[in-house]
file input.cif (mmCIF, C-alpha atoms)
data_structure
#
loop_
_atom_site.label_atom_id
_atom_site.label_comp_id
_atom_site.auth_asym_id
_atom_site.auth_seq_id
_atom_site.Cartn_x
_atom_site.Cartn_y
_atom_site.Cartn_z
CA MET A 845 10.94 -28.20 -97.95
CA LYS A 846 10.38 -31.61 -96.44
CA ILE A 847 9.65 -31.03 -92.75
CA ALA A 848 9.39 -33.46 -89.83
CA ILE A 849 7.44 -32.29 -86.79
CA LEU A 850 7.94 -34.40 -83.67
CA GLY A 851 4.81 -34.52 -81.52
CA GLY A 852 1.15 -34.15 -82.42
CA GLY A 853 -0.12 -31.83 -79.69
CA ILE A 854 -1.75 -28.54 -80.59
CA SER A 855 1.68 -26.93 -81.16
CA GLY A 856 2.77 -29.58 -83.63
CA VAL A 857 -0.43 -29.90 -85.67
CA ALA A 858 -0.97 -26.11 -85.77
CA LEU A 859 2.51 -25.60 -87.24
CA ALA A 860 2.00 -28.52 -89.62
CA ARG A 861 -1.20 -27.01 -91.02
CA LEU A 862 0.42 -23.59 -91.47
CA CYS A 863 3.50 -25.01 -93.22
CA ALA A 864 1.48 -27.36 -95.42
CA ALA A 865 -0.55 -24.37 -96.64
CA ASP A 866 2.74 -22.94 -97.97
CA GLY A 867 3.31 -26.08 -100.03
CA HIS A 868 5.84 -27.81 -97.77
CA ALA A 869 5.75 -31.60 -97.43
CA VAL A 870 5.07 -31.98 -93.71
CA THR A 871 5.04 -35.16 -91.64
CA VAL A 872 3.91 -35.18 -87.99
CA LEU A 873 5.27 -38.08 -85.94
CA GLU A 874 3.14 -38.81 -82.85
CA GLN A 875 3.89 -41.56 -80.35
CA GLY A 876 0.28 -41.85 -79.12
CA GLU A 877 -2.60 -43.58 -80.84
CA ARG A 878 -4.00 -40.19 -81.90
CA PRO A 879 -2.86 -36.56 -81.82
CA GLY A 880 -3.81 -34.10 -79.11
CA GLY A 881 -1.27 -34.19 -76.28
CA LEU A 882 -2.62 -32.22 -73.31
CA CYS A 883 -5.64 -31.23 -75.43
CA LYS A 884 -7.10 -34.74 -75.70
CA SER A 885 -10.66 -35.56 -74.68
CA ARG A 886 -12.44 -38.85 -73.99
CA ARG A 887 -15.97 -40.24 -73.75
CA TYR A 888 -17.68 -42.48 -71.23
CA GLY A 889 -21.14 -43.28 -72.55
CA GLU A 890 -22.79 -39.89 -73.09
CA PHE A 891 -20.24 -38.04 -70.95
CA THR A 892 -17.38 -36.14 -72.60
CA PHE A 893 -14.34 -35.07 -70.58
CA ASP A 894 -11.04 -33.31 -71.24
CA GLU A 895 -8.07 -35.36 -70.05
CA ALA A 896 -5.87 -32.56 -68.68
CA GLY A 897 -8.27 -30.21 -66.91
CA GLY A 898 -10.53 -27.47 -68.16
CA HIS A 899 -9.21 -25.87 -71.34
CA ILE A 900 -11.02 -22.90 -72.84
CA VAL A 901 -10.94 -21.15 -76.20
CA PHE A 902 -9.79 -17.56 -75.75
CA SER A 903 -6.91 -15.29 -76.66
CA LYS A 904 -5.91 -11.66 -76.31
CA ASP A 905 -4.67 -11.97 -79.91
CA LYS A 906 -7.65 -11.72 -82.29
CA LYS A 907 -5.81 -13.56 -85.06
CA VAL A 908 -5.16 -16.49 -82.73
CA LEU A 909 -8.72 -16.44 -81.36
CA ASP A 910 -10.21 -16.46 -84.85
CA TRP A 911 -7.93 -19.33 -85.85
CA GLN A 912 -9.00 -21.39 -82.82
CA LEU A 913 -12.69 -20.71 -83.36
CA ALA A 914 -12.42 -21.67 -87.02
CA ARG A 915 -10.89 -25.04 -86.06
CA CYS A 916 -13.82 -25.61 -83.67
CA GLY A 917 -16.57 -24.85 -86.20
CA GLY A 918 -16.96 -21.11 -85.61
CA ASP A 919 -20.05 -19.68 -83.91
CA ALA A 920 -22.18 -22.66 -84.92
CA GLY A 921 -19.75 -25.13 -83.35
CA THR A 922 -18.99 -23.38 -80.07
CA VAL A 923 -20.67 -22.15 -76.89
CA ARG A 924 -19.89 -18.63 -75.71
CA THR A 925 -19.67 -18.21 -71.93
CA VAL A 926 -19.23 -15.26 -69.62
CA ARG A 927 -16.61 -16.38 -67.12
CA ASN A 928 -17.83 -16.96 -63.57
CA THR A 929 -14.97 -18.14 -61.35
CA LYS A 930 -14.91 -18.35 -57.56
CA ILE A 931 -12.73 -19.39 -54.67
CA ARG A 932 -14.24 -21.71 -52.09
CA TRP A 933 -12.95 -19.87 -49.03
CA LYS A 934 -14.06 -21.77 -45.92
CA ASP A 935 -17.86 -21.81 -46.39
CA ARG A 936 -17.97 -18.74 -48.66
CA TRP A 937 -17.88 -18.17 -52.40
CA VAL A 938 -15.31 -15.45 -53.04
CA PRO A 939 -14.94 -13.94 -56.55
CA TYR A 940 -11.67 -14.62 -58.36
CA PRO A 941 -9.08 -13.05 -58.49
CA PHE A 942 -8.87 -13.15 -54.70
CA GLU A 943 -7.72 -9.54 -54.31
CA ASN A 944 -10.81 -8.40 -56.25
CA GLY A 945 -13.04 -10.45 -53.95
CA VAL A 946 -11.56 -9.48 -50.60
CA GLY A 947 -14.81 -7.79 -49.55
CA HIS A 948 -16.51 -11.19 -49.42
CA LEU A 949 -14.28 -12.43 -46.57
CA THR A 950 -14.93 -12.15 -42.85
CA LYS A 951 -14.27 -8.71 -41.35
CA ASP A 952 -11.17 -9.95 -39.53
CA ALA A 953 -9.76 -11.43 -42.76
CA ILE A 954 -10.52 -8.22 -44.70
CA VAL A 955 -8.56 -6.17 -42.15
CA ASP A 956 -5.74 -8.72 -42.21
CA CYS A 957 -5.52 -8.67 -46.02
CA MET A 958 -5.77 -4.90 -46.37
CA ALA A 959 -3.21 -4.17 -43.66
CA GLY A 960 -0.73 -6.52 -45.30
CA TYR A 961 -1.45 -5.20 -48.79
CA ILE A 962 -0.95 -1.57 -47.77
CA GLU A 963 2.34 -2.48 -46.10
CA ALA A 964 3.46 -4.37 -49.23
CA TYR A 965 2.35 -1.49 -51.46
CA ALA A 966 4.41 0.95 -49.39
CA THR A 967 7.37 -1.42 -49.54
CA ARG A 968 7.25 -1.54 -53.34
CA ARG A 969 6.77 2.23 -53.58
CA ALA A 970 9.88 2.65 -51.42
CA GLY A 971 11.86 0.85 -54.10
CA VAL A 972 12.38 -2.54 -52.49
CA PRO A 973 13.23 -4.80 -55.48
CA CYS A 974 11.22 -7.81 -56.55
CA PRO A 975 12.42 -10.94 -54.68
CA THR A 976 13.91 -13.72 -56.76
CA ASN A 977 11.92 -16.49 -55.07
CA PHE A 978 8.18 -17.05 -55.30
CA GLY A 979 7.47 -17.33 -51.57
CA ASP A 980 8.96 -13.94 -50.78
CA TRP A 981 7.42 -12.48 -53.94
CA ILE A 982 3.93 -13.26 -52.58
CA ASP A 983 4.59 -11.21 -49.44
CA TRP A 984 6.27 -8.43 -51.46
CA ARG A 985 3.45 -8.22 -53.98
CA MET A 986 0.33 -9.18 -52.00
CA GLY A 987 1.21 -8.79 -48.32
CA ALA A 988 1.08 -11.24 -45.44
CA GLY A 989 -2.74 -11.34 -45.20
CA PHE A 990 -3.40 -12.26 -48.82
CA ALA A 991 -0.52 -14.72 -48.56
CA ARG A 992 -1.99 -16.46 -45.51
CA HIS A 993 -5.62 -16.49 -46.62
CA PHE A 994 -5.12 -17.70 -50.18
CA MET A 995 -1.86 -17.38 -52.07
CA VAL A 996 0.38 -19.60 -49.94
CA PRO A 997 -1.99 -22.52 -49.26
CA TYR A 998 -3.25 -22.55 -52.84
CA ASN A 999 0.21 -22.51 -54.42
CA GLU A 1000 1.59 -25.05 -51.97
CA LYS A 1001 -1.24 -27.33 -53.11
CA ILE A 1002 -0.23 -26.96 -56.75
CA TRP A 1003 3.56 -26.96 -56.56
CA LYS A 1004 4.06 -29.36 -53.63
CA CYS A 1005 7.15 -27.56 -52.32
CA ASP A 1006 8.48 -24.75 -50.19
CA LEU A 1007 7.58 -21.75 -52.36
CA ARG A 1008 10.91 -20.12 -51.55
CA THR A 1009 12.61 -22.81 -53.67
CA MET A 1010 10.76 -21.54 -56.76
CA ALA A 1011 11.78 -18.61 -58.93
CA SER A 1012 9.51 -15.56 -59.09
CA ASP A 1013 10.14 -14.29 -62.62
CA TRP A 1014 7.55 -16.62 -64.20
CA VAL A 1015 4.69 -15.22 -62.10
CA ALA A 1016 5.93 -11.62 -62.09
CA GLY A 1017 5.17 -11.48 -65.82
CA ARG A 1018 2.09 -13.70 -65.76
CA VAL A 1019 -0.21 -12.27 -63.08
CA PRO A 1020 -1.44 -8.71 -63.66
CA GLU A 1021 -1.48 -6.41 -60.67
CA ALA A 1022 -4.88 -5.17 -59.57
CA PRO A 1023 -5.00 -1.38 -59.08
CA ILE A 1024 -4.99 -0.52 -55.38
CA GLU A 1025 -8.21 1.44 -55.95
CA ASP A 1026 -9.94 -1.79 -57.01
CA ILE A 1027 -8.79 -3.62 -53.89
CA VAL A 1028 -9.96 -0.79 -51.63
CA LYS A 1029 -13.33 -0.71 -53.40
CA SER A 1030 -13.71 -4.45 -52.94
CA ALA A 1031 -12.85 -4.17 -49.24
CA ILE A 1032 -15.76 -1.78 -48.67
CA GLY A 1033 -18.21 -3.88 -50.71
CA ILE A 1034 -17.90 -2.46 -54.24
CA ASP A 1035 -17.31 -5.37 -56.61
CA THR A 1036 -14.48 -4.99 -59.14
CA GLU A 1037 -13.42 -7.18 -62.05
CA GLY A 1038 -9.96 -8.67 -62.55
CA TYR A 1039 -8.30 -10.46 -65.48
CA GLY A 1040 -10.69 -8.89 -67.99
CA HIS A 1041 -9.08 -10.63 -70.97
CA GLN A 1042 -10.70 -13.92 -69.85
CA SER A 1043 -14.10 -12.42 -69.10
CA VAL A 1044 -15.58 -14.25 -72.12
CA PHE A 1045 -14.49 -17.61 -73.50
CA TRP A 1046 -15.71 -20.27 -75.94
CA PHE A 1047 -15.82 -24.05 -75.94
CA PRO A 1048 -16.67 -26.65 -78.59
CA LYS A 1049 -20.29 -27.82 -78.45
CA HIS A 1050 -19.35 -31.43 -79.16
CA GLY A 1051 -16.28 -33.56 -78.58
CA GLY A 1052 -14.46 -31.60 -75.88
CA PHE A 1053 -11.36 -29.49 -76.43
CA GLU A 1054 -9.87 -32.15 -78.69
CA THR A 1055 -12.28 -30.83 -81.33
CA MET A 1056 -9.75 -28.06 -81.94
CA VAL A 1057 -7.04 -30.63 -82.64
CA ARG A 1058 -9.30 -32.62 -84.96
CA GLY A 1059 -10.28 -29.43 -86.76
CA THR A 1060 -6.60 -28.66 -87.25
CA VAL A 1061 -5.75 -32.11 -88.60
CA GLU A 1062 -8.75 -32.51 -90.92
CA GLY A 1063 -8.01 -30.93 -94.25
CA GLY A 1064 -4.63 -29.81 -92.94
CA GLY A 1065 -2.70 -31.07 -95.94
CA PHE A 1066 0.01 -32.84 -93.93
CA ARG A 1067 0.86 -36.46 -93.21
CA LEU A 1068 0.12 -37.65 -89.67
CA GLN A 1069 1.76 -40.85 -88.43
CA CYS A 1070 0.62 -42.11 -85.01
CA GLY A 1071 2.10 -44.88 -82.93
CA ILE A 1072 5.61 -43.81 -83.95
CA THR A 1073 8.48 -43.72 -81.48
CA VAL A 1074 11.23 -41.34 -82.56
CA GLU A 1075 14.39 -43.28 -81.82
CA ARG A 1076 17.11 -41.29 -83.62
CA VAL A 1077 17.38 -37.76 -84.96
CA GLU A 1078 20.64 -36.68 -86.56
CA ARG A 1079 22.22 -34.38 -89.08
CA GLN A 1080 23.15 -35.59 -92.55
CA GLY A 1081 24.96 -33.07 -94.71
CA THR A 1082 22.80 -29.97 -94.96
CA GLY A 1083 19.71 -31.90 -93.86
CA PHE A 1084 18.55 -34.29 -91.16
CA ARG A 1085 17.38 -37.85 -90.67
CA VAL A 1086 14.58 -39.02 -88.39
CA ASN A 1087 14.43 -42.80 -87.87
CA GLY A 1088 16.48 -43.06 -91.05
CA GLU A 1089 14.22 -40.89 -93.24
CA ALA A 1090 15.69 -37.72 -94.78
CA PHE A 1091 14.20 -34.28 -94.05
CA ASP A 1092 15.22 -30.71 -94.74
CA LEU A 1093 14.04 -29.47 -91.34
CA VAL A 1094 13.17 -31.03 -87.99
CA VAL A 1095 10.88 -29.29 -85.47
CA ASN A 1096 10.39 -30.72 -81.99
CA THR A 1097 7.32 -30.22 -79.79
CA VAL A 1098 7.76 -33.32 -77.60
CA PRO A 1099 8.65 -32.75 -73.90
CA LEU A 1100 12.42 -32.36 -73.95
CA PRO A 1101 13.18 -35.01 -71.29
CA ARG A 1102 11.24 -37.57 -73.38
CA ILE A 1103 13.00 -36.84 -76.67
CA GLU A 1104 16.52 -35.81 -75.60
CA SER A 1105 18.04 -39.29 -75.96
CA ALA A 1106 16.98 -39.47 -79.62
CA PHE A 1107 19.00 -36.41 -80.67
CA ALA A 1108 22.51 -37.50 -81.61
CA GLU A 1109 24.26 -34.12 -81.44
CA ILE A 1110 23.15 -32.72 -78.06
CA PRO A 1111 26.29 -32.00 -75.98
CA ALA A 1112 26.68 -33.73 -72.63
CA ASP A 1113 26.23 -30.55 -70.57
CA ILE A 1114 22.98 -29.68 -72.40
CA ARG A 1115 21.73 -33.25 -71.87
CA GLN A 1116 22.38 -32.79 -68.17
CA ASP A 1117 20.35 -29.56 -68.18
CA ILE A 1118 17.45 -31.26 -69.99
CA ARG A 1119 17.44 -34.21 -67.62
CA ALA A 1120 17.22 -31.78 -64.69
CA LEU A 1121 13.96 -30.30 -66.01
CA ARG A 1122 11.12 -31.54 -63.82
CA PRO A 1123 7.39 -31.33 -64.50
CA ILE A 1124 4.54 -31.16 -62.04
CA SER A 1125 2.15 -33.98 -62.93
CA LEU A 1126 -1.64 -33.82 -62.83
CA ILE A 1127 -4.31 -36.35 -61.98
CA ASN A 1128 -7.55 -35.18 -63.57
CA LEU A 1129 -10.53 -36.83 -61.89
CA MET A 1130 -13.53 -36.91 -64.23
CA ILE A 1131 -16.82 -36.98 -62.33
CA GLY A 1132 -20.35 -37.45 -63.65
CA VAL A 1133 -23.34 -36.73 -61.38
CA LYS A 1134 -27.10 -37.18 -61.46
CA LEU A 1135 -28.73 -33.78 -60.95
CA SER A 1136 -31.85 -32.93 -58.98
CA GLU A 1137 -31.39 -29.29 -60.00
CA PRO A 1138 -29.07 -27.50 -62.46
CA LEU A 1139 -25.47 -26.84 -61.44
CA PRO A 1140 -24.77 -23.27 -60.33
CA PRO A 1141 -23.56 -21.16 -63.30
CA LEU A 1142 -19.89 -21.44 -62.40
CA SER A 1143 -17.00 -21.90 -64.84
CA TRP A 1144 -14.33 -23.14 -62.46
CA ILE A 1145 -13.43 -22.75 -58.80
CA TYR A 1146 -10.32 -22.87 -56.63
CA LEU A 1147 -9.93 -24.86 -53.42
CA PRO A 1148 -6.95 -23.48 -51.48
CA PHE A 1149 -7.13 -25.28 -48.14
CA PRO A 1150 -5.87 -28.76 -47.14
CA GLU A 1151 -9.15 -29.63 -45.40
CA GLN A 1152 -10.89 -29.33 -48.79
CA GLY A 1153 -8.95 -32.37 -49.97
CA PRO A 1154 -6.10 -32.56 -52.52
CA THR A 1155 -8.07 -30.91 -55.34
CA ASN A 1156 -6.84 -27.44 -56.22
CA ARG A 1157 -9.25 -26.58 -59.04
CA VAL A 1158 -12.67 -27.86 -60.12
CA THR A 1159 -14.12 -27.20 -63.57
CA TYR A 1160 -17.91 -27.25 -63.91
CA PHE A 1161 -17.44 -29.01 -67.20
CA SER A 1162 -21.05 -29.55 -68.23
CA ASN A 1163 -21.50 -25.76 -67.99
CA TYR A 1164 -18.99 -25.37 -70.84
CA SER A 1165 -21.32 -27.22 -73.20
CA PRO A 1166 -24.67 -28.93 -72.52
CA HIS A 1167 -23.42 -31.84 -74.66
CA ASN A 1168 -20.63 -32.69 -72.21
CA ALA A 1169 -23.14 -34.63 -70.07
CA PRO A 1170 -26.43 -36.46 -70.79
CA ALA A 1171 -29.76 -34.88 -69.94
CA GLY A 1172 -30.39 -34.66 -66.21
CA HIS A 1173 -26.68 -34.97 -65.41
CA GLY A 1174 -23.69 -32.73 -64.81
CA SER A 1175 -19.94 -33.19 -64.87
CA PHE A 1176 -16.84 -31.93 -63.09
CA LEU A 1177 -13.09 -32.07 -63.62
CA ALA A 1178 -11.16 -32.16 -60.33
CA GLU A 1179 -7.43 -31.43 -60.67
CA VAL A 1180 -4.84 -32.86 -58.26
CA THR A 1181 -1.14 -32.19 -58.83
CA HIS A 1182 1.72 -34.43 -57.77
CA ARG A 1183 5.40 -35.10 -58.38
CA GLY A 1184 5.14 -38.62 -59.73
CA GLU A 1185 4.32 -40.32 -56.46
CA LEU A 1186 0.53 -40.44 -56.67
CA LYS A 1187 -1.01 -43.79 -57.64
CA PRO A 1188 -4.80 -43.40 -57.56
CA ASP A 1189 -7.04 -46.28 -56.55
CA ALA A 1190 -10.74 -46.64 -55.73
CA ALA A 1191 -10.24 -45.57 -52.11
CA TRP A 1192 -8.36 -42.43 -53.17
CA VAL A 1193 -11.13 -41.53 -55.66
CA ARG A 1194 -13.76 -41.94 -52.93
CA SER A 1195 -11.75 -39.74 -50.56
CA VAL A 1196 -11.42 -36.95 -53.15
CA ILE A 1197 -15.14 -37.06 -53.93
CA GLY A 1198 -15.94 -37.10 -50.21
CA ALA A 1199 -13.80 -34.00 -49.64
CA LEU A 1200 -15.58 -32.23 -52.51
CA GLY A 1201 -18.86 -33.12 -50.85
CA THR A 1202 -17.70 -31.68 -47.52
CA ALA A 1203 -16.61 -28.52 -49.35
CA GLY A 1204 -20.13 -28.14 -50.77
CA ILE A 1205 -19.17 -28.76 -54.41
CA LEU A 1206 -21.22 -31.90 -55.08
CA HIS A 1207 -23.29 -34.63 -53.44
CA PRO A 1208 -21.18 -37.82 -53.31
CA GLU A 1209 -24.30 -39.98 -53.35
CA HIS A 1210 -25.24 -38.50 -56.75
CA VAL A 1211 -21.98 -39.51 -58.43
CA VAL A 1212 -22.63 -41.98 -61.27
CA LEU A 1213 -19.18 -41.97 -62.90
CA ALA A 1214 -15.63 -41.38 -61.66
CA GLU A 1215 -12.60 -41.96 -63.88
CA TRP A 1216 -9.13 -40.48 -63.81
CA CYS A 1217 -6.31 -39.63 -66.16
CA ASN A 1218 -2.67 -39.03 -65.22
CA ASN A 1219 -0.78 -36.33 -67.16
CA GLU A 1220 2.94 -36.63 -66.42
CA PHE A 1221 3.86 -33.34 -68.11
CA ALA A 1222 1.27 -30.82 -66.93
CA TYR A 1223 2.90 -27.84 -65.19
CA ILE A 1224 6.42 -26.44 -65.50
CA TYR A 1225 8.32 -26.48 -62.23
CA GLN A 1226 10.53 -23.40 -62.16
CA ASP A 1227 13.04 -23.74 -59.38
CA LEU A 1228 15.75 -21.17 -58.72
CA ALA A 1229 18.09 -22.79 -61.29
CA PHE A 1230 15.43 -23.12 -64.00
CA LYS A 1231 15.98 -19.82 -65.82
CA ASP A 1232 19.69 -20.36 -66.44
CA ARG A 1233 19.19 -24.04 -67.21
CA ILE A 1234 16.47 -23.56 -69.83
CA SER A 1235 18.31 -20.58 -71.31
CA ARG A 1236 21.27 -22.81 -72.12
CA VAL A 1237 19.00 -25.48 -73.62
CA ARG A 1238 17.09 -23.00 -75.80
CA LYS A 1239 20.32 -21.32 -76.92
CA TRP A 1240 21.75 -24.63 -78.10
CA PHE A 1241 18.60 -25.63 -80.00
CA ASP A 1242 18.13 -22.19 -81.55
CA ALA A 1243 21.64 -22.26 -83.01
CA SER A 1244 21.66 -25.96 -83.92
CA GLY A 1245 19.46 -25.95 -87.01
CA TYR A 1246 16.77 -27.88 -85.14
CA LEU A 1247 13.70 -25.99 -83.91
CA THR A 1248 11.96 -26.71 -80.63
CA PHE A 1249 8.84 -25.08 -79.17
CA GLY A 1250 5.65 -25.91 -77.30
CA ARG A 1251 4.80 -25.93 -73.59
CA PHE A 1252 7.35 -28.65 -72.87
CA GLY A 1253 9.21 -28.56 -76.17
CA ARG A 1254 10.59 -25.17 -75.10
CA TYR A 1255 9.48 -25.16 -71.46
CA GLU A 1256 7.37 -22.03 -71.73
CA TYR A 1257 4.42 -21.76 -69.35
CA HIS A 1258 1.95 -21.34 -72.21
CA ASN A 1259 -1.76 -22.00 -72.52
CA SER A 1260 -3.08 -23.56 -75.73
CA ASP A 1261 -3.73 -20.19 -77.38
CA GLN A 1262 -0.14 -19.14 -76.71
CA CYS A 1263 1.03 -22.43 -78.22
CA VAL A 1264 -0.91 -21.59 -81.39
CA GLN A 1265 0.61 -18.10 -81.33
CA ARG A 1266 4.08 -19.63 -81.04
CA ALA A 1267 3.29 -21.94 -83.97
CA MET A 1268 2.47 -18.86 -86.06
CA GLN A 1269 5.77 -17.25 -85.05
CA VAL A 1270 7.78 -20.40 -85.85
CA HIS A 1271 5.91 -20.60 -89.15
CA GLU A 1272 7.11 -17.10 -90.04
CA HIS A 1273 10.67 -18.14 -89.19
CA ILE A 1274 10.38 -21.16 -91.50
CA ARG A 1275 9.02 -18.92 -94.26
CA THR A 1276 12.10 -16.72 -93.95
CA VAL A 1277 14.45 -19.71 -94.06
CA ALA A 1278 12.65 -21.14 -97.10
CA ARG A 1279 12.73 -17.80 -98.90
CA ASP A 1280 16.39 -17.05 -98.23
CA GLY A 1281 17.58 -20.63 -98.55
CA THR A 1282 19.82 -20.20 -95.49
CA PRO A 1283 19.28 -21.66 -92.00
CA LYS A 1284 19.05 -19.00 -89.29
CA PRO A 1285 18.95 -19.18 -85.49
CA LEU A 1286 15.38 -19.15 -84.19
CA GLN A 1287 14.45 -15.86 -82.57
CA LEU A 1288 11.13 -15.61 -80.72
CA PRO A 1289 9.60 -12.54 -79.05
#
call {"tool": "encode", "arguments": {"input": "input.cif", "output": "structure tokens"}}
result
Amino acid sequence: MKIAILGGGISGVALARLCAADGHAVTVLEQGERPGGLCKSRRYGEFTFDEAGGHIVFSKDKKVLDWQLARCGGDAGTVRTVRNTKIRWKDRWVPYPFENGVGHLTKDAIVDCMAGYIEAYATRRAGVPCPTNFGDWIDWRMGAGFARHFMVPYNEKIWKCDLRTMASDWVAGRVPEAPIEDIVKSAIGIDTEGYGHQSVFWFPKHGGFETMVRGTVEGGGFRLQCGITVERVERQGTGFRVNGEAFDLVVNTVPLPRIESAFAEIPADIRQDIRALRPISLINLMIGVKLSEPLPPLSWIYLPFPEQGPTNRVTYFSNYSPHNAPAGHGSFLAEVTHRGELKPDAAWVRSVIGALGTAGILHPEHVVLAEWCNNEFAYIYQDLAFKDRISRVRKWFDASGYLTFGRFGRYEYHNSDQCVQRAMQVHEHIRTVARDGTPKPLQLP
């Protein structure tokens, strides 16, 4: 088949490589000057930074993990790291996840968290159903103490809204519940470990996370066209046309609100649903520092409180690979979310760095480089109408003959490894269609 893939992020190029290996003639159309999407990296002198925050190479699926590592050069091309993540709680370093680190809080806060958690645990055991909104879900799942001391301020920083206006189903299936025994142990000073599937991760030695994209494109066997704006996509007989060129199959990975106007056949009500999809945008502040001593061996940290500045997460990026910063230097990625209103300038950058200094993360006077990148489509905002809205959009695409997937191509809150996993699943669907010679609605697990 002759296949057009719209968008050259990791979803698009991963699928292109898989389909090209089956002998299909695949063309990837990318609007940017190079592929990568949210997985792009950039250099400033001898500093390397990722544009959209701190990606890592990991997966619970061994097939996906092996595929990612192979694209990054395998063991020789990657650095293996044991995860060390913390929460900067007031003036303390609290292990993450917060419920596993409760014993590191003040005694009053420990009592507050445990009393609330026990009450919430009893509530759930009594059969009180899961709330439909995120704000109430936090109390139902974690209790009022955990909500007050971390969950509410941290999530309000990210989502920039009343958490009761957000749905809860996305987090109910995303955040594993710590056993109550682990939380009790932590409260009395016995450390426990949460989120074990991320306990070890990898990162490319050179070139940042974009190395995975380059390793997917190189030798991939498909045609990559950059600087291309997709202006019209339409059916023609049993096939399709993209910007006037004929294809047997069209797969979209571009954020739906950016590409919707190009599709000729989308019904008016589905267009309205797509245009109502809103992202949370991300300013990623890339900071290089001169070091008088090595950075602490941290992977990333969370900053939940307003007095710590607008940053919600800081990646200790030079700890991912020693080649991310020149000798005698270190680097950070500071993530600040917004809803399209934030316009950084030099004063804003200084204020963010100053707040990080006050929080004890870095020494502002040691900063030698500060640049920023704005990512419009970063997080998926799931309000109370999102589930029904995106269900209608997916249903139309899945039955239309077009395929759409990817973090914003299907609006699934997926990390890069899950995007690769989805590419493998879509690839299997395309194999079935090619074998049977009959288009079928896309069905994904």
call {"tool": "closest_residue", "arguments": {"input": "input.cif", "among": "A:Gly1033, A:Gly856, A:Pro997, A:Gly851", "to": "Gln1265 in chain A", "atoms": "all atoms listed in the file"}}
result
A:Gly856
call {"tool": "atom_distance", "arguments": {"input": "input.cif", "atom1": "CA of Leu1213 in chain A", "atom2": "CA of Thr892 in chain A"}}
result
11.5 Å
call {"tool": "resolve_selection", "arguments": {"input": "input.cif", "expression": "the PyMOL selection byres ((chain A and resi 1071) around 8)", "output": "count of residues only"}}
result
9
call {"tool": "atom_distance", "arguments": {"input": "input.cif", "atom1": "CA of Phe1053 in chain A", "atom2": "CA of Asn1156 in chain A"}}
result
20.8 Å
call {"tool": "axis_aligned_box", "arguments": {"input": "input.cif", "around": "range 1082-1089 of chain A", "padding_each_side": "4 Å", "output": "AutoDock Vina command-line options"}}
result
--center_x 18.5 --center_y -36.5 --center_z -91.4 --size_x 16.6 --size_y 21.1 --size_z 15.1
call {"tool": "resolve_selection", "arguments": {"input": "input.cif", "expression": "the PyMOL selection byres ((chain A and resi 871-873) around 12)", "output": "VMD selection string"}}
result
chain A and resid 845 to 861 863 to 864 868 to 870 874 to 880 1061 1064 to 1075 1086 to 1087 1089 to 1098
call {"tool": "write_last_selection", "arguments": {"input": "input.cif", "atoms": "C-alpha atoms", "output": "compact mmCIF listing (two decimals), in the coordinates of the input"}}
result
# COMPACT_ATOMS: atom_id res chain seq x y z
CA MET A 845 10.94 -28.20 -97.95
CA LYS A 846 10.38 -31.61 -96.44
CA ILE A 847 9.65 -31.03 -92.75
CA ALA A 848 9.39 -33.46 -89.83
CA ILE A 849 7.44 -32.29 -86.79
CA LEU A 850 7.94 -34.40 -83.67
CA GLY A 851 4.81 -34.52 -81.52
CA GLY A 852 1.15 -34.15 -82.42
CA GLY A 853 -0.12 -31.83 -79.69
CA ILE A 854 -1.75 -28.54 -80.59
CA SER A 855 1.68 -26.93 -81.16
CA GLY A 856 2.77 -29.58 -83.63
CA VAL A 857 -0.43 -29.90 -85.67
CA ALA A 858 -0.97 -26.11 -85.77
CA LEU A 859 2.51 -25.60 -87.24
CA ALA A 860 2.00 -28.52 -89.62
CA ARG A 861 -1.20 -27.01 -91.02
CA CYS A 863 3.50 -25.01 -93.22
CA ALA A 864 1.48 -27.36 -95.42
CA HIS A 868 5.84 -27.81 -97.77
CA ALA A 869 5.75 -31.60 -97.43
CA VAL A 870 5.07 -31.98 -93.71
CA GLU A 874 3.14 -38.81 -82.85
CA GLN A 875 3.89 -41.56 -80.35
CA GLY A 876 0.28 -41.85 -79.12
CA GLU A 877 -2.60 -43.58 -80.84
CA ARG A 878 -4.00 -40.19 -81.90
CA PRO A 879 -2.86 -36.56 -81.82
CA GLY A 880 -3.81 -34.10 -79.11
CA VAL A 1061 -5.75 -32.11 -88.60
CA GLY A 1064 -4.63 -29.81 -92.94
CA GLY A 1065 -2.70 -31.07 -95.94
CA PHE A 1066 0.01 -32.84 -93.93
CA ARG A 1067 0.86 -36.46 -93.21
CA LEU A 1068 0.12 -37.65 -89.67
CA GLN A 1069 1.76 -40.85 -88.43
CA CYS A 1070 0.62 -42.11 -85.01
CA GLY A 1071 2.10 -44.88 -82.93
CA ILE A 1072 5.61 -43.81 -83.95
CA THR A 1073 8.48 -43.72 -81.48
CA VAL A 1074 11.23 -41.34 -82.56
CA GLU A 1075 14.39 -43.28 -81.82
CA VAL A 1086 14.58 -39.02 -88.39
CA ASN A 1087 14.43 -42.80 -87.87
CA GLU A 1089 14.22 -40.89 -93.24
CA ALA A 1090 15.69 -37.72 -94.78
CA PHE A 1091 14.20 -34.28 -94.05
CA ASP A 1092 15.22 -30.71 -94.74
CA LEU A 1093 14.04 -29.47 -91.34
CA VAL A 1094 13.17 -31.03 -87.99
CA VAL A 1095 10.88 -29.29 -85.47
CA ASN A 1096 10.39 -30.72 -81.99
CA THR A 1097 7.32 -30.22 -79.79
CA VAL A 1098 7.76 -33.32 -77.60
call {"tool": "closest_residue", "arguments": {"input": "input.cif", "among": "A:Val996, A:Ala1278, A:Ile1124, A:Met1056", "to": "Gly917 in chain A", "atoms": "all atoms listed in the file"}}
result
A:Met1056
